[in-house]
Amino acid sequence: MEWQDEGIVLGARRHGESSVIAEIMTKARGRHLGLVRGGRSRRMQPVLQPGNSVLVTWRARLDQHLGTYQVEPTTLRAAALMESATAVYGVQAMAALLRLLPERDPHPHLYEALGIILENLQDPASAGELFVRFELAMLEDLGFGLDLTRCAATGTQEELQFVSPKSGRAVSREAGLPWADKMLSLPEFLANGSRKSADGESLSAAFDLTGYFLRRHVYEPRGIEVPDARSGFVNAALKALAANP
């Protein structure tokens with residue numbers, strides 16, 4: 001068995017004296033593990049850092065085997081990502097999200113989104129907004145997608161201001177006001193067709209929105225804690241945005 005694909009490094013763990021098991025989000029084959037012989041060498045260690053883009057060749061006798069990777073760097077961005085807390089936590093938080101997916105399950109749109117976010121992690125406003133949309137895409141792929149396009153009660157697409165915590169569907173201002181204290185806020189930049197950009201208040205509300213449904217549908221049923229990297233990214237992104245609105 002052999003194939004070649006482009007990918008983004010999510011992490012690597014030591015295996016034996018000189019090798020590592022690399023975890024790579026590939027474009028066509030999803031999150032895929034493989035053994036990199038000599039992965040702890042001076043030449044390979046900088047390549048196998050989270051956030052780097054690589055070209056990988058995977059080989060194994062049978063498809064279900066772990067297999068071995070040959071890795072060639074294409075974009076080495078890990079060093080630049082270490083320069084800000086937003087970027088450091090962002091890489092870790094997205095890797096943790098992708099680990100919620102089954103291994104070797106293709107998600108090419110998430111691969112493309114990951115690459116875009118990695119290129120924008122130095123801009124807290126863009127990074128925060130893109131990260132929220134990444135979490136929404138993750139919920140969709142995990143089977144818990146939110147419907148933010150029209151009001152669950154009236155069907156209108158105008159003045160969508162709330163999200164029902166039960167159904168995950170948008171609710172208009174008029175229909176939701178009587179139960180506003182029980183509703184989640186829908187930031188305007190996430191509303192269908194909106195051209196608004198996120199600010200500190202709306203970005204915080206968006207993090208609360210996706211965080212609620214991730215906890216309810218994903219983390220709590222699996223009996224796992226929300227990764228610390230997510231709260232680290234949220235705090236860093238909001239702090240950076242407040243300092244440079």
# chains A, B, ... in the order shown; residues from 1 in each chain; ligands from 1
>>> residues_around(residues="Leu33 in chain A", least_positions_apart="6", cutoff="7 Å", atoms="only C-alpha atoms", output="number ranges by chain")
A: 21-24, 66
>>> write_last_selection(atoms="N, CA, C and O atoms", output="PDB file, in the first residue's frame")
ATOM      1  N   ILE A  21       5.851   8.998  16.029  1.00  0.00           N
ATOM      2  CA  ILE A  21       4.589   8.751  15.337  1.00  0.00           C
ATOM      3  C   ILE A  21       3.976  10.113  15.052  1.00  0.00           C
ATOM      4  O   ILE A  21       3.612  10.847  15.977  1.00  0.00           O
ATOM      5  N   ALA A  22       3.906  10.466  13.784  1.00  0.00           N
ATOM      6  CA  ALA A  22       3.405  11.770  13.371  1.00  0.00           C
ATOM      7  C   ALA A  22       1.907  11.713  13.126  1.00  0.00           C
ATOM      8  O   ALA A  22       1.400  10.754  12.533  1.00  0.00           O
ATOM      9  N   GLU A  23       1.230  12.743  13.590  1.00  0.00           N
ATOM     10  CA  GLU A  23      -0.209  12.893  13.374  1.00  0.00           C
ATOM     11  C   GLU A  23      -0.406  14.038  12.383  1.00  0.00           C
ATOM     12  O   GLU A  23      -0.058  15.184  12.679  1.00  0.00           O
ATOM     13  N   ILE A  24      -0.938  13.725  11.222  1.00  0.00           N
ATOM     14  CA  ILE A  24      -1.021  14.705  10.137  1.00  0.00           C
ATOM     15  C   ILE A  24      -2.438  14.767   9.597  1.00  0.00           C
ATOM     16  O   ILE A  24      -3.064  13.727   9.336  1.00  0.00           O
ATOM     17  N   LEU A  66      -0.239   0.700  10.787  1.00  0.00           N
ATOM     18  CA  LEU A  66       0.190   2.074  11.074  1.00  0.00           C
ATOM     19  C   LEU A  66       0.924   2.663   9.886  1.00  0.00           C
ATOM     20  O   LEU A  66       0.661   3.797   9.471  1.00  0.00           O
TER      21      LEU A  66
END
>>> residues_around(residues="Leu184 in chain A", least_positions_apart="5", cutoff="12 Å", atoms="only C-alpha atoms", output="ChimeraX atom specification")
/A:148,160-173,176-177,179,204-213
>>> select_by_dssp(residues="range 3-166 of chain A", states="strand (DSSP E)", output="ChimeraX atom specification")
/A:3-15,19-26,30-36,53-59,68-75,160-163
>>> select_by_dssp(residues="range 8-244 of chain A", states="helix (DSSP H, G or I)", output="ChimeraX atom specification")
/A:78-81,85-98,108-118,124-141,173-182,188-190,200-222,228-243
>>> closest_residue(among="A:Arg77, A:His107, A:Arg31, A:Arg40", to="Gly16 in chain A", atoms="only C-alpha atoms")
A:Arg40
>>> residues_around(residues="Arg59 in chain A", least_positions_apart="4", cutoff="7 Å", atoms="only C-alpha atoms", output="number ranges by chain")
A: 1-3, 67-69
>>> closest_residue(among="A:Gly30, A:Pro187, A:Gly145, A:Pro178", to="Pro108 in chain A", atoms="only C-alpha atoms")
A:Gly30
>>> atom_distance(atom1="CA of Leu121 in chain A", atom2="CA of Thr86 in chain A")
6.6 Å
>>> atom_distance(atom1="CA of Ser19 in chain A", atom2="CA of Val88 in chain A")
24.5 Å
>>> atom_distance(atom1="CA of Leu139 in chain A", atom2="CA of Val234 in chain A")
17.8 Å
>>> residues_around(residues="Glu6 in chain A", least_positions_apart="6", cutoff="10 Å", atoms="only C-alpha atoms", output="list in words")
Ile24, Met25, Thr26, Lys27, Ala28, Arg29, Ser53, Val54, Leu55, Val56, Thr57, Val71, Glu72, Pro73, Thr74 and Tyr111 of chain A
>>> write_last_selection(atoms="C-alpha atoms", output="mmCIF file, in the first residue's frame")
data_model
loop_
_atom_site.group_PDB
_atom_site.id
_atom_site.type_symbol
_atom_site.label_atom_id
_atom_site.label_comp_id
_atom_site.auth_asym_id
_atom_site.auth_seq_id
_atom_site.Cartn_x
_atom_site.Cartn_y
_atom_site.Cartn_z
ATOM 1 C CA ILE A 24 -1.021 14.705 10.137
ATOM 2 C CA MET A 25 -4.241 16.187 8.805
ATOM 3 C CA THR A 26 -4.117 15.156 5.171
ATOM 4 C CA LYS A 27 -6.177 16.668 2.401
ATOM 5 C CA ALA A 28 -7.671 13.462 0.973
ATOM 6 C CA ARG A 29 -7.422 10.972 3.847
ATOM 7 C CA SER A 53 2.559 22.048 5.857
ATOM 8 C CA VAL A 54 4.206 18.956 4.405
ATOM 9 C CA LEU A 55 4.106 16.504 1.534
ATOM 10 C CA VAL A 56 3.861 12.943 2.818
ATOM 11 C CA THR A 57 4.328 9.520 1.278
ATOM 12 C CA VAL A 71 7.910 13.694 5.035
ATOM 13 C CA GLU A 72 9.029 16.672 2.974
ATOM 14 C CA PRO A 73 8.393 20.249 4.158
ATOM 15 C CA THR A 74 6.429 22.650 1.957
ATOM 16 C CA TYR A 111 -8.198 20.688 5.824
#
>>> closest_atom_pairs(of="range 58-165 of chain A", to="range 189-200 of chain A", cutoff="12 Å", atoms="only C-alpha atoms", output="Markdown table")
| residue | atom | partner | partner_atom | distance |
| --- | --- | --- | --- | --- |
| A:Pro124 | CA | A:Gly200 | CA | 10.0 |
| A:Ala125 | CA | A:Ala198 | CA | 6.6 |
| A:Ser126 | CA | A:Ala198 | CA | 8.1 |
| A:Ala127 | CA | A:Ala198 | CA | 10.3 |
| A:Gly128 | CA | A:Ala198 | CA | 8.2 |
| A:Glu129 | CA | A:Ala198 | CA | 6.5 |
| A:Leu130 | CA | A:Ala198 | CA | 10.0 |
| A:Phe131 | CA | A:Ala198 | CA | 11.7 |
| A:Val132 | CA | A:Leu190 | CA | 9.2 |
| A:Arg133 | CA | A:Leu190 | CA | 8.4 |
| A:Leu136 | CA | A:Leu190 | CA | 10.2 |
| A:Leu146 | CA | A:Leu190 | CA | 11.3 |
| A:Asp147 | CA | A:Asn192 | CA | 9.8 |
| A:Leu148 | CA | A:Ala191 | CA | 6.4 |
| A:Thr149 | CA | A:Asn192 | CA | 5.2 |
| A:Arg150 | CA | A:Asn192 | CA | 8.0 |
| A:Cys151 | CA | A:Ala191 | CA | 10.9 |
| A:Thr156 | CA | A:Asn192 | CA | 11.2 |
| A:Gln157 | CA | A:Asn192 | CA | 7.6 |
| A:Glu158 | CA | A:Asn192 | CA | 9.0 |
| A:Glu159 | CA | A:Ala191 | CA | 8.7 |
| A:Leu160 | CA | A:Ala191 | CA | 6.8 |
| A:Gln161 | CA | A:Ala191 | CA | 8.2 |
| A:Phe162 | CA | A:Ala191 | CA | 9.9 |
| A:Val163 | CA | A:Ala191 | CA | 10.6 |
>>> write_last_selection(atoms="C-alpha atoms", output="compact mmCIF listing (two decimals), in the first residue's frame")
# COMPACT_ATOMS: atom_id res chain seq x y z
CA PRO A 124 -6.81 38.28 16.43
CA ALA A 125 -10.02 39.52 14.79
CA SER A 126 -9.65 37.33 11.72
CA ALA A 127 -8.33 34.39 13.73
CA GLY A 128 -11.19 34.50 16.22
CA GLU A 129 -13.88 34.76 13.57
CA LEU A 130 -12.35 32.00 11.45
CA PHE A 131 -11.96 29.76 14.51
CA VAL A 132 -15.65 30.13 15.38
CA ARG A 133 -16.59 29.16 11.83
CA LEU A 136 -19.37 25.42 13.45
CA LEU A 146 -26.64 24.56 13.75
CA ASP A 147 -29.22 26.19 11.49
CA LEU A 148 -28.51 29.92 11.57
CA THR A 149 -30.19 30.76 8.26
CA ARG A 150 -33.84 31.32 9.27
CA CYS A 151 -36.07 31.69 12.32
CA THR A 156 -38.05 34.62 8.44
CA GLN A 157 -34.43 35.35 7.55
CA GLU A 158 -34.55 38.89 8.93
CA GLU A 159 -33.45 40.19 12.37
CA LEU A 160 -32.11 36.86 13.57
CA GLN A 161 -30.87 37.61 17.06
CA PHE A 162 -31.05 34.42 19.13
CA VAL A 163 -30.28 30.70 18.95
